[in-house]
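What follows is the content of data09.pdb (PDB, C-alpha atoms).
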```pdb
ATOM      1  CA  GLY B1089      -5.298  11.315   7.567
ATOM      2  CA  ALA B1090      -7.738  10.906   4.740
ATOM      3  CA  VAL B1091     -10.438   8.266   4.806
ATOM      4  CA  VAL B1092     -10.998   5.626   2.176
ATOM      5  CA  SER B1093     -13.787   3.117   2.546
ATOM      6  CA  GLN B1094     -14.080  -0.238   0.860
ATOM      7  CA  HIS B1095     -17.121  -2.452   0.589
ATOM      8  CA  PRO B1096     -17.727  -5.264   1.216
ATOM      9  CA  SER B1097     -15.125  -6.103   3.802
ATOM     10  CA  ARG B1098     -15.618  -9.818   3.301
ATOM     11  CA  VAL B1099     -17.349 -11.875   0.668
ATOM     12  CA  ILE B1100     -17.815 -15.562   0.062
ATOM     13  CA  CYS B1101     -19.099 -16.613  -3.327
ATOM     14  CA  LYS B1102     -19.506 -19.656  -5.498
ATOM     15  CA  SER B1103     -17.165 -20.370  -8.344
ATOM     16  CA  GLY B1104     -18.355 -18.761 -11.558
ATOM     17  CA  THR B1105     -20.081 -15.781  -9.991
ATOM     18  CA  SER B1106     -18.957 -12.163 -10.236
ATOM     19  CA  VAL B1107     -18.088  -9.982  -7.294
ATOM     20  CA  LYS B1108     -18.010  -6.198  -7.230
ATOM     21  CA  ILE B1109     -15.855  -4.309  -4.737
ATOM     22  CA  GLU B1110     -16.329  -0.593  -4.177
ATOM     23  CA  CYS B1111     -13.656   1.857  -3.108
ATOM     24  CA  ARG B1112     -14.665   5.328  -1.987
ATOM     25  CA  SER B1113     -12.566   8.318  -1.115
ATOM     26  CA  LEU B1114     -14.645  10.009   1.578
ATOM     27  CA  ASP B1115     -12.958  13.336   2.184
ATOM     28  CA  PHE B1116     -10.951  14.173  -0.901
ATOM     29  CA  GLN B1117     -11.235  13.810  -4.635
ATOM     30  CA  ALA B1118      -9.015  11.125  -6.079
ATOM     31  CA  THR B1119      -8.167  11.296  -9.741
ATOM     32  CA  THR B1120      -6.153   8.151  -9.354
ATOM     33  CA  MET B1121      -6.913   5.065  -7.337
ATOM     34  CA  PHE B1122      -5.021   1.800  -7.196
ATOM     35  CA  TRP B1123      -6.104  -1.790  -6.771
ATOM     36  CA  TYR B1124      -3.811  -4.227  -5.019
ATOM     37  CA  ARG B1125      -3.907  -7.875  -4.208
ATOM     38  CA  GLN B1126      -2.105  -9.391  -1.279
ATOM     39  CA  PHE B1127      -1.438 -13.003  -0.358
ATOM     40  CA  PRO B1128      -0.745 -13.976   3.252
ATOM     41  CA  LYS B1129       2.634 -12.822   4.539
ATOM     42  CA  LYS B1130       3.436 -11.260   1.166
ATOM     43  CA  SER B1131       3.878  -7.748  -0.103
ATOM     44  CA  LEU B1132       1.265  -5.773  -1.964
ATOM     45  CA  MET B1133       0.920  -6.626  -5.626
ATOM     46  CA  LEU B1134      -0.351  -3.795  -7.763
ATOM     47  CA  MET B1135      -3.049  -5.002 -10.124
ATOM     48  CA  ALA B1136      -4.081  -1.819 -11.877
ATOM     49  CA  THR B1137      -4.187   1.939 -11.763
ATOM     50  CA  SER B1138      -7.656   3.378 -11.971
ATOM     51  CA  ASN B1139      -7.973   6.794 -13.574
ATOM     52  CA  GLU B1140     -11.133   8.851 -13.310
ATOM     53  CA  GLY B1141     -12.830   9.186 -16.660
ATOM     54  CA  SER B1142     -10.467   6.925 -18.560
ATOM     55  CA  LYS B1143      -9.491   3.300 -18.908
ATOM     56  CA  ALA B1144      -7.566   1.614 -16.159
ATOM     57  CA  THR B1145      -3.929   0.716 -16.647
ATOM     58  CA  TYR B1146      -3.299  -2.924 -15.844
ATOM     59  CA  GLU B1147      -0.048  -4.429 -14.647
ATOM     60  CA  GLN B1148       1.605  -7.126 -16.656
ATOM     61  CA  GLY B1149      -0.036 -10.484 -16.116
ATOM     62  CA  VAL B1150      -3.327  -9.076 -14.838
ATOM     63  CA  GLU B1151      -6.268  -9.948 -17.072
ATOM     64  CA  LYS B1152      -8.305  -6.836 -17.758
ATOM     65  CA  ASP B1153     -11.328  -8.852 -18.816
ATOM     66  CA  LYS B1154     -11.163 -10.786 -15.578
ATOM     67  CA  PHE B1155     -10.735  -7.804 -13.299
ATOM     68  CA  LEU B1156     -12.963  -5.008 -14.542
ATOM     69  CA  ILE B1157     -12.258  -1.565 -13.174
ATOM     70  CA  ASN B1158     -14.521   1.443 -13.405
ATOM     71  CA  HIS B1159     -13.622   4.873 -12.041
ATOM     72  CA  ALA B1160     -16.776   6.784 -12.777
ATOM     73  CA  SER B1161     -16.282   9.658 -10.371
ATOM     74  CA  LEU B1162     -13.560  11.362  -8.379
ATOM     75  CA  THR B1163     -14.627   9.496  -5.261
ATOM     76  CA  LEU B1164     -15.520   6.029  -6.466
ATOM     77  CA  SER B1165     -13.690   3.188  -8.166
ATOM     78  CA  THR B1166     -15.029  -0.333  -8.505
ATOM     79  CA  LEU B1167     -13.295  -3.634  -9.129
ATOM     80  CA  THR B1168     -15.382  -6.494 -10.472
ATOM     81  CA  VAL B1169     -13.922  -9.971 -10.351
ATOM     82  CA  THR B1170     -15.728 -11.754 -13.147
ATOM     83  CA  SER B1171     -16.395 -15.477 -13.154
ATOM     84  CA  ALA B1172     -14.485 -15.887  -9.944
ATOM     85  CA  HIS B1173     -12.555 -19.086  -9.289
ATOM     86  CA  PRO B1174     -10.937 -20.407  -6.110
ATOM     87  CA  GLU B1175      -7.533 -19.097  -7.203
ATOM     88  CA  ASP B1176      -9.001 -15.579  -7.119
ATOM     89  CA  SER B1177      -9.446 -15.894  -3.365
ATOM     90  CA  SER B1178      -7.296 -13.186  -1.839
ATOM     91  CA  PHE B1179      -7.186  -9.915   0.050
ATOM     92  CA  TYR B1180      -7.996  -7.031  -2.289
ATOM     93  CA  ILE B1181      -7.064  -3.534  -1.217
ATOM     94  CA  CYS B1182      -7.704  -0.213  -2.894
ATOM     95  CA  SER B1183      -5.926   3.055  -2.325
ATOM     96  CA  ALA B1184      -6.552   6.646  -3.329
ATOM     97  CA  ARG B1185      -3.686   8.905  -4.260
ATOM     98  CA  ARG B1186      -3.532  12.370  -2.816
ATOM     99  CA  ILE B1187      -1.047  15.107  -3.602
ATOM    100  CA  ALA B1188      -0.994  18.016  -1.179
ATOM    101  CA  GLY B1189       1.760  20.383  -0.152
ATOM    102  CA  GLY B1190       4.247  18.637  -2.419
ATOM    103  CA  ARG B1191       3.595  15.340  -0.705
ATOM    104  CA  GLU B1192       2.269  12.297  -2.516
ATOM    105  CA  THR B1193       0.421   9.858  -0.286
ATOM    106  CA  GLN B1194      -1.721   6.813  -0.847
ATOM    107  CA  TYR B1195      -4.563   6.223   1.575
ATOM    108  CA  PHE B1196      -5.759   2.669   1.742
ATOM    109  CA  GLY B1197      -9.178   1.217   2.192
ATOM    110  CA  PRO B1198      -9.606  -1.495   4.832
ATOM    111  CA  GLY B1199      -9.491  -4.253   2.240
ATOM    112  CA  THR B1200     -11.874  -6.948   1.035
ATOM    113  CA  ARG B1201     -11.344 -10.624   1.759
ATOM    114  CA  LEU B1202     -12.664 -12.702  -1.090
ATOM    115  CA  LEU B1203     -13.194 -16.417  -0.707
ATOM    116  CA  VAL B1204     -14.353 -18.305  -3.755
ATOM    117  CA  LEU B1205     -15.701 -21.770  -3.057
TER     118      LEU B1205
ATOM    119  CA  GLY A1238      15.168  -3.013 -12.881
ATOM    120  CA  GLN A1239      13.655  -1.185  -9.966
ATOM    121  CA  SER A1240      13.945  -2.552  -6.480
ATOM    122  CA  LEU A1241      13.720  -1.727  -2.825
ATOM    123  CA  GLU A1242      15.505  -3.676  -0.148
ATOM    124  CA  GLN A1243      14.543  -3.859   3.484
ATOM    125  CA  PRO A1244      15.162  -6.514   6.139
ATOM    126  CA  SER A1245      12.555  -9.254   6.234
ATOM    127  CA  GLU A1246      12.342  -9.494  10.012
ATOM    128  CA  VAL A1247      13.317  -7.467  13.054
ATOM    129  CA  THR A1248      12.808  -8.351  16.697
ATOM    130  CA  ALA A1249      12.978  -5.937  19.623
ATOM    131  CA  VAL A1250      11.704  -5.524  23.175
ATOM    132  CA  GLU A1251       9.226  -3.072  24.606
ATOM    133  CA  GLY A1252      10.674   0.344  25.269
ATOM    134  CA  ALA A1253      13.559  -0.137  22.871
ATOM    135  CA  ILE A1254      14.411   1.746  19.690
ATOM    136  CA  VAL A1255      14.474   0.012  16.332
ATOM    137  CA  GLN A1256      15.592   1.219  12.915
ATOM    138  CA  ILE A1257      14.292  -0.320   9.706
ATOM    139  CA  ASN A1258      16.453   0.458   6.696
ATOM    140  CA  CYS A1259      15.394   0.751   3.092
ATOM    141  CA  THR A1260      17.687   1.072   0.110
ATOM    142  CA  TYR A1261      16.289   1.676  -3.311
ATOM    143  CA  GLN A1262      17.250   1.466  -6.923
ATOM    144  CA  THR A1263      14.742   3.195  -9.163
ATOM    145  CA  SER A1264      14.817   5.005 -12.468
ATOM    146  CA  GLY A1265      13.320   8.109 -10.890
ATOM    147  CA  PHE A1266      12.659   9.418  -7.417
ATOM    148  CA  TYR A1267       9.947  11.670  -6.104
ATOM    149  CA  GLY A1268       9.697  10.547  -2.491
ATOM    150  CA  LEU A1269       9.984   7.696   0.006
ATOM    151  CA  SER A1270       6.979   6.597   2.029
ATOM    152  CA  TRP A1271       6.539   4.254   4.959
ATOM    153  CA  TYR A1272       3.436   2.243   5.697
ATOM    154  CA  GLN A1273       2.419   0.060   8.614
ATOM    155  CA  GLN A1274       0.279  -3.024   8.223
ATOM    156  CA  HIS A1275      -1.049  -5.138  11.064
ATOM    157  CA  ASP A1276      -1.993  -8.753  10.451
ATOM    158  CA  GLY A1277      -5.352  -8.921   8.748
ATOM    159  CA  GLY A1278      -5.509  -5.190   8.099
ATOM    160  CA  ALA A1279      -4.724  -2.794   5.295
ATOM    161  CA  PRO A1280      -1.629  -0.570   5.168
ATOM    162  CA  THR A1281      -1.753   2.772   6.895
ATOM    163  CA  PHE A1282       0.402   5.722   5.951
ATOM    164  CA  LEU A1283       3.156   6.632   8.416
ATOM    165  CA  SER A1284       5.499   9.130   6.804
ATOM    166  CA  TYR A1285       6.829  10.630   3.612
ATOM    167  CA  ASN A1286      10.250  12.086   2.760
ATOM    168  CA  ALA A1287      10.931  14.001  -0.409
ATOM    169  CA  LEU A1288      13.991  15.875   0.822
ATOM    170  CA  ASP A1289      17.075  14.758   2.705
ATOM    171  CA  GLY A1290      16.816  14.732   6.447
ATOM    172  CA  LEU A1291      14.734  13.554   9.315
ATOM    173  CA  GLU A1292      10.960  13.869   9.652
ATOM    174  CA  GLU A1293       9.573  13.281  13.122
ATOM    175  CA  THR A1294       6.017  12.308  13.949
ATOM    176  CA  GLY A1295       5.608  11.335  17.561
ATOM    177  CA  ARG A1296       7.437   8.100  18.339
ATOM    178  CA  PHE A1297       8.140   7.484  14.677
ATOM    179  CA  SER A1298      10.757   9.266  12.581
ATOM    180  CA  SER A1299      11.798   8.762   8.991
ATOM    181  CA  PHE A1300      15.085   9.680   7.373
ATOM    182  CA  LEU A1301      16.141  10.076   3.772
ATOM    183  CA  SER A1302      19.476  10.435   2.011
ATOM    184  CA  ARG A1303      18.879  10.841  -1.693
ATOM    185  CA  SER A1304      22.579  10.736  -2.540
ATOM    186  CA  ASP A1305      22.813   7.315  -0.878
ATOM    187  CA  SER A1306      19.427   6.091  -2.155
ATOM    188  CA  TYR A1307      18.712   5.182   1.430
ATOM    189  CA  GLY A1308      16.161   5.824   4.078
ATOM    190  CA  TYR A1309      15.081   4.442   7.392
ATOM    191  CA  LEU A1310      12.138   4.347   9.739
ATOM    192  CA  LEU A1311      12.969   4.838  13.405
ATOM    193  CA  LEU A1312      10.551   3.618  16.037
ATOM    194  CA  GLN A1313      11.151   4.756  19.593
ATOM    195  CA  GLU A1314       9.690   3.626  22.907
ATOM    196  CA  LEU A1315       8.443   0.472  21.282
ATOM    197  CA  GLN A1316       5.068  -0.864  22.343
ATOM    198  CA  MET A1317       3.537  -4.264  21.774
ATOM    199  CA  LYS A1318       1.030  -2.700  19.394
ATOM    200  CA  ASP A1319       3.926  -1.723  17.096
ATOM    201  CA  SER A1320       4.262  -5.383  16.108
ATOM    202  CA  ALA A1321       3.352  -5.240  12.444
ATOM    203  CA  SER A1322       4.817  -5.247   8.965
ATOM    204  CA  TYR A1323       6.451  -2.063   7.743
ATOM    205  CA  PHE A1324       6.766  -1.291   4.060
ATOM    206  CA  CYS A1325       8.884   1.329   2.359
ATOM    207  CA  ALA A1326       7.722   2.577  -1.011
ATOM    208  CA  VAL A1327       9.202   4.894  -3.604
ATOM    209  CA  SER A1328       7.275   7.287  -5.793
ATOM    210  CA  PRO A1329       9.404   7.198  -8.958
ATOM    211  CA  GLY A1330       7.935  10.367 -10.399
ATOM    212  CA  ASN A1331       7.051   9.952 -14.037
ATOM    213  CA  ASN A1332       4.445   7.271 -13.632
ATOM    214  CA  ARG A1333       2.550   7.449 -10.457
ATOM    215  CA  LYS A1334       2.845   3.861  -9.298
ATOM    216  CA  LEU A1335       4.487   3.323  -5.967
ATOM    217  CA  ILE A1336       7.294   0.777  -5.982
ATOM    218  CA  TRP A1337       6.984  -1.329  -2.853
ATOM    219  CA  GLY A1338       9.530  -3.075  -0.716
ATOM    220  CA  LEU A1339       8.737  -6.595   0.441
ATOM    221  CA  GLY A1340       8.100  -5.461   3.982
ATOM    222  CA  THR A1341       9.775  -5.888   7.354
ATOM    223  CA  SER A1342       7.992  -7.906   9.982
ATOM    224  CA  LEU A1343       8.611  -6.317  13.384
ATOM    225  CA  ALA A1344       8.010  -8.384  16.489
ATOM    226  CA  VAL A1345       7.994  -6.501  19.779
ATOM    227  CA  ASN A1346       8.454  -8.761  22.774
ATOM    228  CA  PRO A1347       7.765  -8.015  26.437
TER     229      PRO A1347
END
```
Once you've parsed the file, please lay out its structure as structure tokens.
Amino acid sequence: GAVVSQHPSRVICKSGTSVKIECRSLDFQATTMFWYRQFPKKSLMLMATSNEGSKATYEQGVEKDKFLINHASLTLSTLTVTSAHPEDSSFYICSARRIAGGRETQYFGPGTRLLVL
Amino acid sequence: GQSLEQPSEVTAVEGAIVQINCTYQTSGFYGLSWYQQHDGGAPTFLSYNALDGLEETGRFSSFLSRSDSYGYLLLQELQMKDSASYFCAVSPGNNRKLIWGLGTSLAVNP
């Protein structure tokens, strides 16, 4: 399967600071990437759809000024959690969408655990 | 609304066969995917069905019936390492967002 990397894998920060998470598609070009958030024992919650060269599409209830997304190239999307607070602590996962042979697949990065103190 | 239903928990023993069902109600349908997620990890892609029938990949198989809005993931010769959460997801077609089920937690016991 395709490889998607995510960095950092774990971050601890103080309340009020900003954290940037990078998502890279290593072996295919991804026009579309997705950012998810997941709480323990819960399903994935889509936060936004990141489109290369255009603005991200945010899901209802997700603050776009809080969670800044940049998809500057076909292999890189970044999520910046601005002025992080303890309630932003979560597991953030990105995925890159690939369509090949009539099959649509999302390949996930390994995730980033954010802990805001 | 759009929804996917799958059992919340399934328990089985090593060597057994288990089937995880997924029924969906969506405004469009492009394909049904299955993902595996171990505790503490990210989801990994298992299978994809766009057409009716069975797709086999090693010990795992996935089935789709579009007329019944139903699919299942079949895991054979269960191993302890198969203990994980399994999510079904529908690609609705027009917008590209996957619609996720809530996941099935599979526990494989000795």
Discussion item. For Tyr1267 (chain A), find every residue with an atom within 7 Å (counting all atoms listed in the file), except residues of its own chain fewer than 3 positions away, and show them as a VMD selection string.
Written reply: chain A and resid 1287 1328 to 1330
Could you work out an axis-aligned bounding box for all listed atoms of region 1332-1342 of chain A, with 3 Å added on each of the six sides, and give its centre and edge lengths in Å to one decimal, as JSON?
```
{"center_x": 6.2, "center_y": -0.2, "center_z": -1.8, "size_x": 13.2, "size_y": 21.4, "size_z": 29.6}
```
Written as an mmCIF file with C-alpha atoms, in the coordinates of the input, what is the full residue list that the PyMOL selection byres ((chain A) within 12 of (chain B)) yields on the file shown?
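What follows is the written file expr35.cif:
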```
data_model
loop_
_atom_site.group_PDB
_atom_site.id
_atom_site.type_symbol
_atom_site.label_atom_id
_atom_site.label_comp_id
_atom_site.auth_asym_id
_atom_site.auth_seq_id
_atom_site.Cartn_x
_atom_site.Cartn_y
_atom_site.Cartn_z
ATOM 1 C CA LEU A 1241 13.720 -1.727 -2.825
ATOM 2 C CA GLN A 1243 14.543 -3.859 3.484
ATOM 3 C CA SER A 1245 12.555 -9.254 6.234
ATOM 4 C CA GLU A 1246 12.342 -9.494 10.012
ATOM 5 C CA PHE A 1266 12.659 9.418 -7.417
ATOM 6 C CA TYR A 1267 9.947 11.670 -6.104
ATOM 7 C CA GLY A 1268 9.697 10.547 -2.491
ATOM 8 C CA LEU A 1269 9.984 7.696 0.006
ATOM 9 C CA SER A 1270 6.979 6.597 2.029
ATOM 10 C CA TRP A 1271 6.539 4.254 4.959
ATOM 11 C CA TYR A 1272 3.436 2.243 5.697
ATOM 12 C CA GLN A 1273 2.419 0.060 8.614
ATOM 13 C CA GLN A 1274 0.279 -3.024 8.223
ATOM 14 C CA HIS A 1275 -1.049 -5.138 11.064
ATOM 15 C CA ASP A 1276 -1.993 -8.753 10.451
ATOM 16 C CA GLY A 1277 -5.352 -8.921 8.748
ATOM 17 C CA GLY A 1278 -5.509 -5.190 8.099
ATOM 18 C CA ALA A 1279 -4.724 -2.794 5.295
ATOM 19 C CA PRO A 1280 -1.629 -0.570 5.168
ATOM 20 C CA THR A 1281 -1.753 2.772 6.895
ATOM 21 C CA PHE A 1282 0.402 5.722 5.951
ATOM 22 C CA LEU A 1283 3.156 6.632 8.416
ATOM 23 C CA SER A 1284 5.499 9.130 6.804
ATOM 24 C CA TYR A 1285 6.829 10.630 3.612
ATOM 25 C CA ASN A 1286 10.250 12.086 2.760
ATOM 26 C CA ALA A 1287 10.931 14.001 -0.409
ATOM 27 C CA LEU A 1288 13.991 15.875 0.822
ATOM 28 C CA ALA A 1321 3.352 -5.240 12.444
ATOM 29 C CA SER A 1322 4.817 -5.247 8.965
ATOM 30 C CA TYR A 1323 6.451 -2.063 7.743
ATOM 31 C CA PHE A 1324 6.766 -1.291 4.060
ATOM 32 C CA CYS A 1325 8.884 1.329 2.359
ATOM 33 C CA ALA A 1326 7.722 2.577 -1.011
ATOM 34 C CA VAL A 1327 9.202 4.894 -3.604
ATOM 35 C CA SER A 1328 7.275 7.287 -5.793
ATOM 36 C CA PRO A 1329 9.404 7.198 -8.958
ATOM 37 C CA GLY A 1330 7.935 10.367 -10.399
ATOM 38 C CA ASN A 1332 4.445 7.271 -13.632
ATOM 39 C CA ARG A 1333 2.550 7.449 -10.457
ATOM 40 C CA LYS A 1334 2.845 3.861 -9.298
ATOM 41 C CA LEU A 1335 4.487 3.323 -5.967
ATOM 42 C CA ILE A 1336 7.294 0.777 -5.982
ATOM 43 C CA TRP A 1337 6.984 -1.329 -2.853
ATOM 44 C CA GLY A 1338 9.530 -3.075 -0.716
ATOM 45 C CA LEU A 1339 8.737 -6.595 0.441
ATOM 46 C CA GLY A 1340 8.100 -5.461 3.982
ATOM 47 C CA THR A 1341 9.775 -5.888 7.354
ATOM 48 C CA SER A 1342 7.992 -7.906 9.982
#
```
Could you give me, as a PDB file with C-alpha atoms, keeping the file's coordinate frame, the residues that sit within 8 Å of (-14.4, 11.1, -8.6) in the file's coordinates, counting all atoms listed in the file?
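out_22.pdb, freshly written:
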```
ATOM      1  CA  GLN B1117     -11.235  13.810  -4.635  1.00  0.00           C
ATOM      2  CA  ALA B1118      -9.015  11.125  -6.079  1.00  0.00           C
ATOM      3  CA  THR B1119      -8.167  11.296  -9.741  1.00  0.00           C
ATOM      4  CA  GLU B1140     -11.133   8.851 -13.310  1.00  0.00           C
ATOM      5  CA  HIS B1159     -13.622   4.873 -12.041  1.00  0.00           C
ATOM      6  CA  ALA B1160     -16.776   6.784 -12.777  1.00  0.00           C
ATOM      7  CA  SER B1161     -16.282   9.658 -10.371  1.00  0.00           C
ATOM      8  CA  LEU B1162     -13.560  11.362  -8.379  1.00  0.00           C
ATOM      9  CA  THR B1163     -14.627   9.496  -5.261  1.00  0.00           C
ATOM     10  CA  LEU B1164     -15.520   6.029  -6.466  1.00  0.00           C
ATOM     11  CA  SER B1165     -13.690   3.188  -8.166  1.00  0.00           C
TER      12      SER B1165
END
```
Worksheet entry | Hits of the PyMOL selection byres ((chain B and resi 1109-1111) around 6) in this structure, as a list of chain:residue names |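 With the shown file as input, the PyMOL selection byres ((chain B and resi 1109-1111) around 6) matches B:Ser1093, B:Gln1094, B:His1095, B:Lys1108, B:Arg1112, B:Leu1164, B:Ser1165, B:Thr1166, B:Leu1167.
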Worksheet entry | Minimum-distance residue to Trp1123 (chain B), chosen among B:Leu1202, B:Ile1100, B:Met1135, B:Val1150 (using only C-alpha atoms) | B:Met1135
Worksheet item: For the atom pair CA of Pro1347 (chain A) and CA of Leu1315 (chain A), what is the interatomic distance in Å to one decimal place?
Response: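 These two atoms are separated by 10.0 Å.
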Worksheet item: Using all atoms listed in the file, which residue out of A:Phe1300, A:Thr1263, A:Leu1343, A:Val1255 lies closest to Glu1314 (chain A)?
Response: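 Nearest to Glu1314 (chain A): A:Val1255.
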Discussion item. On this structure, the PyMOL selection byres ((chain A and resi 1296) around 6) would catch which residues? List them as an NGL selection string, sorted by chain and number.
Written reply: :A and (1295 or 1297 or 1312-1313)
Worksheet, complete the sentence: From CA of Ser1240 (chain A) to CA of Glu1175 (chain B) the spacing works out at 27.1 Å
Practice prompt. Could you jot down the CA of Glu1251 (chain A) to CA of Gln1316 (chain A) separation for me, Å, one decimal place?
Written response: 5.2 Å
Discussion item. I need the residue nearest Val1107 (chain B) from this list: B:Lys1154, B:Gly1189, B:Ala1184, B:Ser1142. Use all atoms listed in the file for the distance.
Written reply: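 Residue with the minimum atom-to-atom distance to Val1107 (chain B): B:Lys1154.
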Write region 1123-1131 of chain B as an mmCIF file, in the coordinates of the input, completed to all heavy atoms.
```cif
data_model
loop_
_atom_site.group_PDB
_atom_site.id
_atom_site.type_symbol
_atom_site.label_atom_id
_atom_site.label_comp_id
_atom_site.auth_asym_id
_atom_site.auth_seq_id
_atom_site.Cartn_x
_atom_site.Cartn_y
_atom_site.Cartn_z
ATOM 1 N N TRP B 1123 -5.592 -0.528 -7.295
ATOM 2 C CA TRP B 1123 -6.104 -1.790 -6.771
ATOM 3 C C TRP B 1123 -4.938 -2.753 -6.576
ATOM 4 O O TRP B 1123 -4.135 -2.969 -7.486
ATOM 5 C CB TRP B 1123 -7.134 -2.396 -7.724
ATOM 6 C CG TRP B 1123 -8.434 -1.651 -7.679
ATOM 7 C CD1 TRP B 1123 -8.861 -0.664 -8.517
ATOM 8 C CD2 TRP B 1123 -9.478 -1.828 -6.718
ATOM 9 N NE1 TRP B 1123 -10.094 -0.215 -8.142
ATOM 10 C CE2 TRP B 1123 -10.503 -0.910 -7.037
ATOM 11 C CE3 TRP B 1123 -9.656 -2.671 -5.613
ATOM 12 C CZ2 TRP B 1123 -11.688 -0.823 -6.309
ATOM 13 C CZ3 TRP B 1123 -10.835 -2.586 -4.885
ATOM 14 C CH2 TRP B 1123 -11.830 -1.670 -5.232
ATOM 15 N N TYR B 1124 -4.869 -3.294 -5.376
ATOM 16 C CA TYR B 1124 -3.811 -4.227 -5.019
ATOM 17 C C TYR B 1124 -4.417 -5.570 -4.623
ATOM 18 O O TYR B 1124 -5.570 -5.666 -4.206
ATOM 19 C CB TYR B 1124 -2.998 -3.717 -3.823
ATOM 20 C CG TYR B 1124 -2.200 -2.457 -4.052
ATOM 21 C CD1 TYR B 1124 -2.774 -1.195 -3.890
ATOM 22 C CD2 TYR B 1124 -0.853 -2.533 -4.396
ATOM 23 C CE1 TYR B 1124 -2.024 -0.041 -4.078
ATOM 24 C CE2 TYR B 1124 -0.094 -1.382 -4.578
ATOM 25 C CZ TYR B 1124 -0.686 -0.143 -4.416
ATOM 26 O OH TYR B 1124 0.062 1.000 -4.605
ATOM 27 N N ARG B 1125 -3.559 -6.549 -4.688
ATOM 28 C CA ARG B 1125 -3.907 -7.875 -4.208
ATOM 29 C C ARG B 1125 -2.774 -8.310 -3.287
ATOM 30 O O ARG B 1125 -1.601 -8.001 -3.554
ATOM 31 C CB ARG B 1125 -4.026 -8.825 -5.401
ATOM 32 C CG ARG B 1125 -4.459 -10.215 -5.065
ATOM 33 C CD ARG B 1125 -4.671 -11.002 -6.356
ATOM 34 N NE ARG B 1125 -5.090 -12.349 -6.058
ATOM 35 C CZ ARG B 1125 -5.424 -13.254 -6.962
ATOM 36 N NH1 ARG B 1125 -5.373 -12.939 -8.254
ATOM 37 N NH2 ARG B 1125 -5.798 -14.448 -6.607
ATOM 38 N N GLN B 1126 -3.134 -8.975 -2.213
ATOM 39 C CA GLN B 1126 -2.105 -9.391 -1.279
ATOM 40 C C GLN B 1126 -2.378 -10.803 -0.792
ATOM 41 O O GLN B 1126 -3.473 -11.108 -0.317
ATOM 42 C CB GLN B 1126 -2.022 -8.430 -0.091
ATOM 43 C CG GLN B 1126 -0.838 -8.696 0.832
ATOM 44 C CD GLN B 1126 -0.751 -7.668 1.960
ATOM 45 O OE1 GLN B 1126 -1.768 -7.215 2.472
ATOM 46 N NE2 GLN B 1126 0.471 -7.310 2.344
ATOM 47 N N PHE B 1127 -1.362 -11.648 -0.903
ATOM 48 C CA PHE B 1127 -1.438 -13.003 -0.358
ATOM 49 C C PHE B 1127 -0.835 -12.990 1.044
ATOM 50 O O PHE B 1127 -0.036 -12.108 1.380
ATOM 51 C CB PHE B 1127 -0.710 -13.982 -1.271
ATOM 52 C CG PHE B 1127 -1.382 -14.142 -2.607
ATOM 53 C CD1 PHE B 1127 -0.884 -13.504 -3.738
ATOM 54 C CD2 PHE B 1127 -2.528 -14.918 -2.729
ATOM 55 C CE1 PHE B 1127 -1.511 -13.639 -4.959
ATOM 56 C CE2 PHE B 1127 -3.156 -15.060 -3.950
ATOM 57 C CZ PHE B 1127 -2.658 -14.407 -5.068
ATOM 58 N N PRO B 1128 -1.212 -13.966 1.862
ATOM 59 C CA PRO B 1128 -0.745 -13.976 3.252
ATOM 60 C C PRO B 1128 0.774 -13.867 3.360
ATOM 61 O O PRO B 1128 1.506 -14.546 2.648
ATOM 62 C CB PRO B 1128 -1.249 -15.326 3.778
ATOM 63 C CG PRO B 1128 -2.457 -15.604 2.944
ATOM 64 C CD PRO B 1128 -2.147 -15.061 1.583
ATOM 65 N N LYS B 1129 1.220 -13.010 4.234
ATOM 66 C CA LYS B 1129 2.634 -12.822 4.539
ATOM 67 C C LYS B 1129 3.430 -12.315 3.335
ATOM 68 O O LYS B 1129 4.649 -12.428 3.313
ATOM 69 C CB LYS B 1129 3.276 -14.127 5.037
ATOM 70 C CG LYS B 1129 2.551 -14.764 6.202
ATOM 71 C CD LYS B 1129 2.643 -13.922 7.438
ATOM 72 C CE LYS B 1129 1.998 -14.639 8.621
ATOM 73 N NZ LYS B 1129 1.959 -13.781 9.839
ATOM 74 N N LYS B 1130 2.750 -11.757 2.346
ATOM 75 C CA LYS B 1130 3.436 -11.260 1.166
ATOM 76 C C LYS B 1130 3.225 -9.760 1.025
ATOM 77 O O LYS B 1130 2.388 -9.154 1.680
ATOM 78 C CB LYS B 1130 2.910 -11.970 -0.096
ATOM 79 C CG LYS B 1130 3.136 -13.469 -0.104
ATOM 80 C CD LYS B 1130 4.602 -13.817 -0.189
ATOM 81 C CE LYS B 1130 4.799 -15.306 -0.305
ATOM 82 N NZ LYS B 1130 6.242 -15.667 -0.325
ATOM 83 N N SER B 1131 4.014 -9.181 0.130
ATOM 84 C CA SER B 1131 3.878 -7.748 -0.103
ATOM 85 C C SER B 1131 2.662 -7.465 -0.980
ATOM 86 O O SER B 1131 2.032 -8.372 -1.523
ATOM 87 C CB SER B 1131 5.151 -7.228 -0.777
ATOM 88 O OG SER B 1131 5.101 -5.816 -0.910
#
```
